[in-house]
Amino acid sequence: MSMISSKILEIGELAISEDYPILILFNNTAPSEFREISVIHDFKDAPNKEMLKKGSKIMFGNTTYTVEDIGYVANQTLYDLGHISLYFGLEEGANLLPGSALLSPHKLPEIKVGDSIRFIK
């Protein structure tokens with residue numbers, strides 16, 4: 001089992017909304033127009049291009065989520081830009097976007113600056 005750890009540096013003003021169960025992650029290179037809607041994080045371990053697949057786990061603090069589905073460019077954008085859109089539930093009939101992953105349980109994690117995110121393959 002391989003684990004890659006990341007630390008939350010900043011949480012944008014509009015990054016967390018109960019109406020939209022989505023977290024958008026970016027590394028520190030995120031353009032300013034994305035920062036207010038994003039969670040800015042920094043990899044403590046070197047990322048790789050195969051970090052996530054169906055069945056992988058993502059931990060926010062002590063809460064573990066399972067990857068139910070993953071878009072075909074999500075690993076690449078996570079590697080290049082620290083960017084992935086994490087969906088905690090999708091509306092019926094909605095398609096998962098290429099740079100996204102669908103996680104369960106379908107509940108947003110409680111996060112704060114300084115928390116760890118752990119990607120477990």
# chains A, B, ... in the order shown; residues from 1 in each chain; ligands from 1
call {"tool": "residues_around", "arguments": {"residues": "A:Ser85", "least_positions_apart": "3", "cutoff": "8 Å", "atoms": "only C-alpha atoms", "output": "VMD selection string"}}
result
chain A and resid 22 to 25 99 to 101
call {"tool": "write_last_selection", "arguments": {"atoms": "C-alpha atoms", "output": "PDB file, in the first residue's frame"}}
result
ATOM      1  CA  ILE A  22     -17.445  19.326  -4.068  1.00  0.00           C
ATOM      2  CA  LEU A  23     -13.893  20.151  -2.965  1.00  0.00           C
ATOM      3  CA  ILE A  24     -11.527  21.550  -5.578  1.00  0.00           C
ATOM      4  CA  LEU A  25      -7.881  20.921  -4.742  1.00  0.00           C
ATOM      5  CA  GLY A  99     -10.392  15.791 -13.839  1.00  0.00           C
ATOM      6  CA  SER A 100     -12.641  14.596 -11.036  1.00  0.00           C
ATOM      7  CA  ALA A 101     -13.201  11.745  -8.625  1.00  0.00           C
TER       8      ALA A 101
END
call {"tool": "residues_around", "arguments": {"residues": "A:Ile84", "least_positions_apart": "4", "cutoff": "12 Å", "atoms": "only C-alpha atoms", "output": "ChimeraX atom specification"}}
result
/A:22-27,30,38-41,51-52,70-80,96-103
call {"tool": "write_last_selection", "arguments": {"atoms": "N, CA and C atoms", "output": "mmCIF file, in the first residue's frame"}}
result
data_model
loop_
_atom_site.group_PDB
_atom_site.id
_atom_site.type_symbol
_atom_site.label_atom_id
_atom_site.label_comp_id
_atom_site.auth_asym_id
_atom_site.auth_seq_id
_atom_site.Cartn_x
_atom_site.Cartn_y
_atom_site.Cartn_z
ATOM 1 N N ILE A 22 -18.658 19.438 -3.247
ATOM 2 C CA ILE A 22 -17.445 19.326 -4.068
ATOM 3 C C ILE A 22 -16.300 20.041 -3.346
ATOM 4 N N LEU A 23 -15.106 19.446 -3.375
ATOM 5 C CA LEU A 23 -13.893 20.151 -2.965
ATOM 6 C C LEU A 23 -12.957 20.191 -4.163
ATOM 7 N N ILE A 24 -12.453 21.380 -4.470
ATOM 8 C CA ILE A 24 -11.527 21.550 -5.578
ATOM 9 C C ILE A 24 -10.139 21.757 -4.980
ATOM 10 N N LEU A 25 -9.243 20.819 -5.254
ATOM 11 C CA LEU A 25 -7.881 20.921 -4.742
ATOM 12 C C LEU A 25 -6.964 21.502 -5.812
ATOM 13 N N PHE A 26 -6.012 22.320 -5.367
ATOM 14 C CA PHE A 26 -4.964 22.874 -6.230
ATOM 15 C C PHE A 26 -3.708 23.006 -5.394
ATOM 16 N N ASN A 27 -2.547 22.955 -6.046
ATOM 17 C CA ASN A 27 -1.329 23.270 -5.312
ATOM 18 C C ASN A 27 -1.135 24.779 -5.317
ATOM 19 N N ALA A 30 -1.947 27.648 -8.052
ATOM 20 C CA ALA A 30 -3.309 27.972 -8.506
ATOM 21 C C ALA A 30 -3.420 29.450 -8.856
ATOM 22 N N SER A 38 -11.097 27.214 -4.026
ATOM 23 C CA SER A 38 -10.248 26.029 -3.940
ATOM 24 C C SER A 38 -9.653 25.809 -2.555
ATOM 25 N N VAL A 39 -9.246 24.562 -2.335
ATOM 26 C CA VAL A 39 -8.445 24.191 -1.176
ATOM 27 C C VAL A 39 -7.016 24.063 -1.702
ATOM 28 N N ILE A 40 -6.132 24.924 -1.196
ATOM 29 C CA ILE A 40 -4.737 24.926 -1.647
ATOM 30 C C ILE A 40 -3.953 23.981 -0.738
ATOM 31 N N HIS A 41 -3.230 23.060 -1.364
ATOM 32 C CA HIS A 41 -2.488 22.079 -0.573
ATOM 33 C C HIS A 41 -1.088 21.906 -1.146
ATOM 34 N N MET A 51 -1.751 7.926 -8.711
ATOM 35 C CA MET A 51 -2.042 8.020 -7.277
ATOM 36 C C MET A 51 -3.377 7.416 -6.886
ATOM 37 N N LEU A 52 -4.349 7.510 -7.783
ATOM 38 C CA LEU A 52 -5.700 7.089 -7.424
ATOM 39 C C LEU A 52 -6.303 6.184 -8.480
ATOM 40 N N ILE A 70 -13.329 7.609 -11.097
ATOM 41 C CA ILE A 70 -12.299 8.633 -11.318
ATOM 42 C C ILE A 70 -12.217 8.959 -12.796
ATOM 43 N N GLY A 71 -12.093 10.262 -13.091
ATOM 44 C CA GLY A 71 -11.992 10.724 -14.473
ATOM 45 C C GLY A 71 -10.633 10.380 -15.068
ATOM 46 N N TYR A 72 -10.571 10.335 -16.393
ATOM 47 C CA TYR A 72 -9.378 9.828 -17.069
ATOM 48 C C TYR A 72 -8.171 10.763 -17.014
ATOM 49 N N VAL A 73 -8.342 12.047 -16.696
ATOM 50 C CA VAL A 73 -7.164 12.929 -16.570
ATOM 51 C C VAL A 73 -6.897 13.321 -15.115
ATOM 52 N N ALA A 74 -7.670 12.800 -14.167
ATOM 53 C CA ALA A 74 -7.558 13.231 -12.772
ATOM 54 C C ALA A 74 -6.176 12.972 -12.181
ATOM 55 N N ASN A 75 -5.585 11.819 -12.440
ATOM 56 C CA ASN A 75 -4.250 11.544 -11.904
ATOM 57 C C ASN A 75 -3.198 12.483 -12.493
ATOM 58 N N GLN A 76 -3.345 12.788 -13.778
ATOM 59 C CA GLN A 76 -2.384 13.682 -14.444
ATOM 60 C C GLN A 76 -2.461 15.099 -13.871
ATOM 61 N N THR A 77 -3.673 15.636 -13.705
ATOM 62 C CA THR A 77 -3.796 17.004 -13.187
ATOM 63 C C THR A 77 -3.402 17.065 -11.708
ATOM 64 N N LEU A 78 -3.661 15.988 -10.984
ATOM 65 C CA LEU A 78 -3.238 15.932 -9.576
ATOM 66 C C LEU A 78 -1.707 15.958 -9.512
ATOM 67 N N TYR A 79 -1.069 15.225 -10.407
ATOM 68 C CA TYR A 79 0.397 15.185 -10.468
ATOM 69 C C TYR A 79 0.970 16.539 -10.909
ATOM 70 N N ASP A 80 0.419 17.114 -11.968
ATOM 71 C CA ASP A 80 0.974 18.348 -12.548
ATOM 72 C C ASP A 80 0.675 19.590 -11.718
ATOM 73 N N LEU A 96 -19.333 12.277 -14.452
ATOM 74 C CA LEU A 96 -18.130 12.713 -13.763
ATOM 75 C C LEU A 96 -17.195 13.377 -14.774
ATOM 76 N N LEU A 97 -16.690 14.548 -14.439
ATOM 77 C CA LEU A 97 -15.790 15.270 -15.339
ATOM 78 C C LEU A 97 -14.417 14.587 -15.356
ATOM 79 N N PRO A 98 -13.653 14.778 -16.455
ATOM 80 C CA PRO A 98 -12.384 14.058 -16.622
ATOM 81 C C PRO A 98 -11.363 14.286 -15.502
ATOM 82 N N GLY A 99 -11.362 15.478 -14.888
ATOM 83 C CA GLY A 99 -10.392 15.791 -13.839
ATOM 84 C C GLY A 99 -10.943 15.606 -12.440
ATOM 85 N N SER A 100 -11.920 14.727 -12.298
ATOM 86 C CA SER A 100 -12.641 14.596 -11.036
ATOM 87 C C SER A 100 -12.625 13.170 -10.504
ATOM 88 N N ALA A 101 -12.987 13.057 -9.233
ATOM 89 C CA ALA A 101 -13.201 11.745 -8.625
ATOM 90 C C ALA A 101 -14.468 11.822 -7.785
ATOM 91 N N LEU A 102 -15.207 10.724 -7.751
ATOM 92 C CA LEU A 102 -16.408 10.613 -6.927
ATOM 93 C C LEU A 102 -16.044 9.795 -5.693
ATOM 94 N N LEU A 103 -16.333 10.361 -4.519
ATOM 95 C CA LEU A 103 -15.967 9.716 -3.262
ATOM 96 C C LEU A 103 -17.195 9.328 -2.463
#
call {"tool": "closest_residue", "arguments": {"among": "A:Asp42, A:Glu33, A:Glu18, A:Glu10", "to": "A:Leu81", "atoms": "only C-alpha atoms"}}
result
A:Asp42
call {"tool": "atom_distance", "arguments": {"atom1": "atom CA of A:Ser32", "atom2": "atom CA of A:Ile16"}}
result
17.0 Å
call {"tool": "select_by_dssp", "arguments": {"residues": "stretch 10-102 of chain A", "states": "alpha helix (DSSP H)", "output": "VMD selection string"}}
result
chain A and resid 32 to 35 74 to 81
call {"tool": "atom_distance", "arguments": {"atom1": "atom CA of A:Asn48", "atom2": "atom CA of A:Tyr65"}}
result
19.7 Å
call {"tool": "decode", "arguments": {"residues": "chain A", "atoms": "C-alpha atoms", "output": "PDB file, in the first residue's frame"}}
result
ATOM      1  CA  MET A   1       0.000   0.000   0.000  1.00  0.00           C
ATOM      2  CA  SER A   2       1.455   3.349  -0.974  1.00  0.00           C
ATOM      3  CA  MET A   3       0.495   6.616   0.677  1.00  0.00           C
ATOM      4  CA  ILE A   4       1.161  10.172  -0.426  1.00  0.00           C
ATOM      5  CA  SER A   5       0.578  12.917   2.095  1.00  0.00           C
ATOM      6  CA  SER A   6      -0.354  16.531   1.528  1.00  0.00           C
ATOM      7  CA  LYS A   7      -0.989  19.496   3.826  1.00  0.00           C
ATOM      8  CA  ILE A   8      -3.799  22.052   3.526  1.00  0.00           C
ATOM      9  CA  LEU A   9      -2.283  25.551   3.250  1.00  0.00           C
ATOM     10  CA  GLU A  10      -5.339  27.651   2.498  1.00  0.00           C
ATOM     11  CA  ILE A  11      -9.107  27.236   2.176  1.00  0.00           C
ATOM     12  CA  GLY A  12     -10.795  29.675  -0.180  1.00  0.00           C
ATOM     13  CA  GLU A  13     -13.749  31.732   1.069  1.00  0.00           C
ATOM     14  CA  LEU A  14     -16.111  29.925  -1.305  1.00  0.00           C
ATOM     15  CA  ALA A  15     -14.370  26.534  -1.275  1.00  0.00           C
ATOM     16  CA  ILE A  16     -16.920  24.824   0.981  1.00  0.00           C
ATOM     17  CA  SER A  17     -20.631  24.914   0.275  1.00  0.00           C
ATOM     18  CA  GLU A  18     -23.289  22.618   1.672  1.00  0.00           C
ATOM     19  CA  ASP A  19     -25.233  23.163  -1.581  1.00  0.00           C
ATOM     20  CA  TYR A  20     -22.428  21.779  -3.733  1.00  0.00           C
ATOM     21  CA  PRO A  21     -20.726  18.710  -2.233  1.00  0.00           C
ATOM     22  CA  ILE A  22     -17.445  19.326  -4.068  1.00  0.00           C
ATOM     23  CA  LEU A  23     -13.893  20.151  -2.965  1.00  0.00           C
ATOM     24  CA  ILE A  24     -11.527  21.550  -5.578  1.00  0.00           C
ATOM     25  CA  LEU A  25      -7.881  20.921  -4.742  1.00  0.00           C
ATOM     26  CA  PHE A  26      -4.964  22.874  -6.230  1.00  0.00           C
ATOM     27  CA  ASN A  27      -1.329  23.270  -5.312  1.00  0.00           C
ATOM     28  CA  ASN A  28       0.237  26.660  -4.609  1.00  0.00           C
ATOM     29  CA  THR A  29       0.487  27.475  -8.333  1.00  0.00           C
ATOM     30  CA  ALA A  30      -3.309  27.972  -8.506  1.00  0.00           C
ATOM     31  CA  PRO A  31      -4.225  31.160 -10.370  1.00  0.00           C
ATOM     32  CA  SER A  32      -5.762  33.867  -8.177  1.00  0.00           C
ATOM     33  CA  GLU A  33      -9.215  33.503  -9.781  1.00  0.00           C
ATOM     34  CA  PHE A  34      -9.383  29.887  -8.569  1.00  0.00           C
ATOM     35  CA  ARG A  35      -8.112  30.448  -5.029  1.00  0.00           C
ATOM     36  CA  GLU A  36     -11.402  31.587  -3.511  1.00  0.00           C
ATOM     37  CA  ILE A  37     -13.154  28.388  -4.615  1.00  0.00           C
ATOM     38  CA  SER A  38     -10.248  26.029  -3.940  1.00  0.00           C
ATOM     39  CA  VAL A  39      -8.445  24.191  -1.176  1.00  0.00           C
ATOM     40  CA  ILE A  40      -4.737  24.926  -1.647  1.00  0.00           C
ATOM     41  CA  HIS A  41      -2.488  22.079  -0.573  1.00  0.00           C
ATOM     42  CA  ASP A  42       1.162  21.099  -0.728  1.00  0.00           C
ATOM     43  CA  PHE A  43       2.447  17.557  -1.248  1.00  0.00           C
ATOM     44  CA  LYS A  44       4.792  16.463   1.537  1.00  0.00           C
ATOM     45  CA  ASP A  45       5.648  13.316  -0.455  1.00  0.00           C
ATOM     46  CA  ALA A  46       6.490  13.248  -4.146  1.00  0.00           C
ATOM     47  CA  PRO A  47       3.253  12.698  -6.103  1.00  0.00           C
ATOM     48  CA  ASN A  48       3.127  10.152  -8.899  1.00  0.00           C
ATOM     49  CA  LYS A  49       0.968   9.784 -12.009  1.00  0.00           C
ATOM     50  CA  GLU A  50      -0.937   6.762 -10.685  1.00  0.00           C
ATOM     51  CA  MET A  51      -2.042   8.020  -7.277  1.00  0.00           C
ATOM     52  CA  LEU A  52      -5.700   7.089  -7.424  1.00  0.00           C
ATOM     53  CA  LYS A  53      -7.929   4.436  -8.921  1.00  0.00           C
ATOM     54  CA  LYS A  54     -11.342   2.971  -8.128  1.00  0.00           C
ATOM     55  CA  GLY A  55     -11.139   1.622  -4.601  1.00  0.00           C
ATOM     56  CA  SER A  56      -8.317   3.977  -3.520  1.00  0.00           C
ATOM     57  CA  LYS A  57      -8.747   5.841  -0.228  1.00  0.00           C
ATOM     58  CA  ILE A  58      -8.436   9.539   0.543  1.00  0.00           C
ATOM     59  CA  MET A  59      -8.207  10.560   4.193  1.00  0.00           C
ATOM     60  CA  PHE A  60      -9.016  14.014   5.509  1.00  0.00           C
ATOM     61  CA  GLY A  61      -7.794  13.960   9.104  1.00  0.00           C
ATOM     62  CA  ASN A  62      -9.262  10.741  10.530  1.00  0.00           C
ATOM     63  CA  THR A  63     -12.119  10.472   8.032  1.00  0.00           C
ATOM     64  CA  THR A  64     -11.605   7.949   5.224  1.00  0.00           C
ATOM     65  CA  TYR A  65     -13.281   8.203   1.824  1.00  0.00           C
ATOM     66  CA  THR A  66     -13.292   5.632  -0.974  1.00  0.00           C
ATOM     67  CA  VAL A  67     -12.876   6.526  -4.659  1.00  0.00           C
ATOM     68  CA  GLU A  68     -16.004   5.200  -6.408  1.00  0.00           C
ATOM     69  CA  ASP A  69     -15.093   6.548  -9.827  1.00  0.00           C
ATOM     70  CA  ILE A  70     -12.299   8.633 -11.318  1.00  0.00           C
ATOM     71  CA  GLY A  71     -11.992  10.724 -14.473  1.00  0.00           C
ATOM     72  CA  TYR A  72      -9.378   9.828 -17.069  1.00  0.00           C
ATOM     73  CA  VAL A  73      -7.164  12.929 -16.570  1.00  0.00           C
ATOM     74  CA  ALA A  74      -7.558  13.231 -12.772  1.00  0.00           C
ATOM     75  CA  ASN A  75      -4.250  11.544 -11.904  1.00  0.00           C
ATOM     76  CA  GLN A  76      -2.384  13.682 -14.444  1.00  0.00           C
ATOM     77  CA  THR A  77      -3.796  17.004 -13.187  1.00  0.00           C
ATOM     78  CA  LEU A  78      -3.238  15.932  -9.576  1.00  0.00           C
ATOM     79  CA  TYR A  79       0.397  15.185 -10.468  1.00  0.00           C
ATOM     80  CA  ASP A  80       0.974  18.348 -12.548  1.00  0.00           C
ATOM     81  CA  LEU A  81      -1.027  20.962 -10.626  1.00  0.00           C
ATOM     82  CA  GLY A  82      -2.138  19.286  -7.412  1.00  0.00           C
ATOM     83  CA  HIS A  83      -5.582  19.696  -8.987  1.00  0.00           C
ATOM     84  CA  ILE A  84      -8.566  17.403  -8.704  1.00  0.00           C
ATOM     85  CA  SER A  85     -12.268  18.056  -8.142  1.00  0.00           C
ATOM     86  CA  LEU A  86     -13.564  15.726  -5.448  1.00  0.00           C
ATOM     87  CA  TYR A  87     -17.289  15.056  -5.616  1.00  0.00           C
ATOM     88  CA  PHE A  88     -19.075  13.825  -2.507  1.00  0.00           C
ATOM     89  CA  GLY A  89     -22.155  12.707  -4.418  1.00  0.00           C
ATOM     90  CA  LEU A  90     -23.398  13.320  -7.956  1.00  0.00           C
ATOM     91  CA  GLU A  91     -26.877  14.192  -9.118  1.00  0.00           C
ATOM     92  CA  GLU A  92     -28.619  11.353 -10.888  1.00  0.00           C
ATOM     93  CA  GLY A  93     -27.658  11.257 -14.540  1.00  0.00           C
ATOM     94  CA  ALA A  94     -24.696  13.613 -14.048  1.00  0.00           C
ATOM     95  CA  ASN A  95     -21.414  12.578 -15.621  1.00  0.00           C
ATOM     96  CA  LEU A  96     -18.130  12.713 -13.763  1.00  0.00           C
ATOM     97  CA  LEU A  97     -15.790  15.270 -15.339  1.00  0.00           C
ATOM     98  CA  PRO A  98     -12.384  14.058 -16.622  1.00  0.00           C
ATOM     99  CA  GLY A  99     -10.392  15.791 -13.839  1.00  0.00           C
ATOM    100  CA  SER A 100     -12.641  14.596 -11.036  1.00  0.00           C
ATOM    101  CA  ALA A 101     -13.201  11.745  -8.625  1.00  0.00           C
ATOM    102  CA  LEU A 102     -16.408  10.613  -6.927  1.00  0.00           C
ATOM    103  CA  LEU A 103     -15.967   9.716  -3.262  1.00  0.00           C
ATOM    104  CA  SER A 104     -18.067   7.981  -0.665  1.00  0.00           C
ATOM    105  CA  PRO A 105     -19.438   8.506   1.912  1.00  0.00           C
ATOM    106  CA  HIS A 106     -21.379  11.348   0.297  1.00  0.00           C
ATOM    107  CA  LYS A 107     -20.616  13.932   2.968  1.00  0.00           C
ATOM    108  CA  LEU A 108     -18.134  16.796   2.849  1.00  0.00           C
ATOM    109  CA  PRO A 109     -15.221  16.374   5.244  1.00  0.00           C
ATOM    110  CA  GLU A 110     -14.581  18.916   7.965  1.00  0.00           C
ATOM    111  CA  ILE A 111     -11.240  20.489   7.136  1.00  0.00           C
ATOM    112  CA  LYS A 112      -9.040  23.278   8.420  1.00  0.00           C
ATOM    113  CA  VAL A 113      -5.711  24.823   7.457  1.00  0.00           C
ATOM    114  CA  GLY A 114      -2.850  22.593   8.595  1.00  0.00           C
ATOM    115  CA  ASP A 115      -4.829  19.353   8.200  1.00  0.00           C
ATOM    116  CA  SER A 116      -3.371  16.462   6.238  1.00  0.00           C
ATOM    117  CA  ILE A 117      -4.842  14.864   3.155  1.00  0.00           C
ATOM    118  CA  ARG A 118      -3.609  11.340   2.567  1.00  0.00           C
ATOM    119  CA  PHE A 119      -3.942   9.607  -0.794  1.00  0.00           C
ATOM    120  CA  ILE A 120      -3.780   5.837  -0.330  1.00  0.00           C
ATOM    121  CA  LYS A 121      -3.583   3.634  -3.393  1.00  0.00           C
TER     122      LYS A 121
END
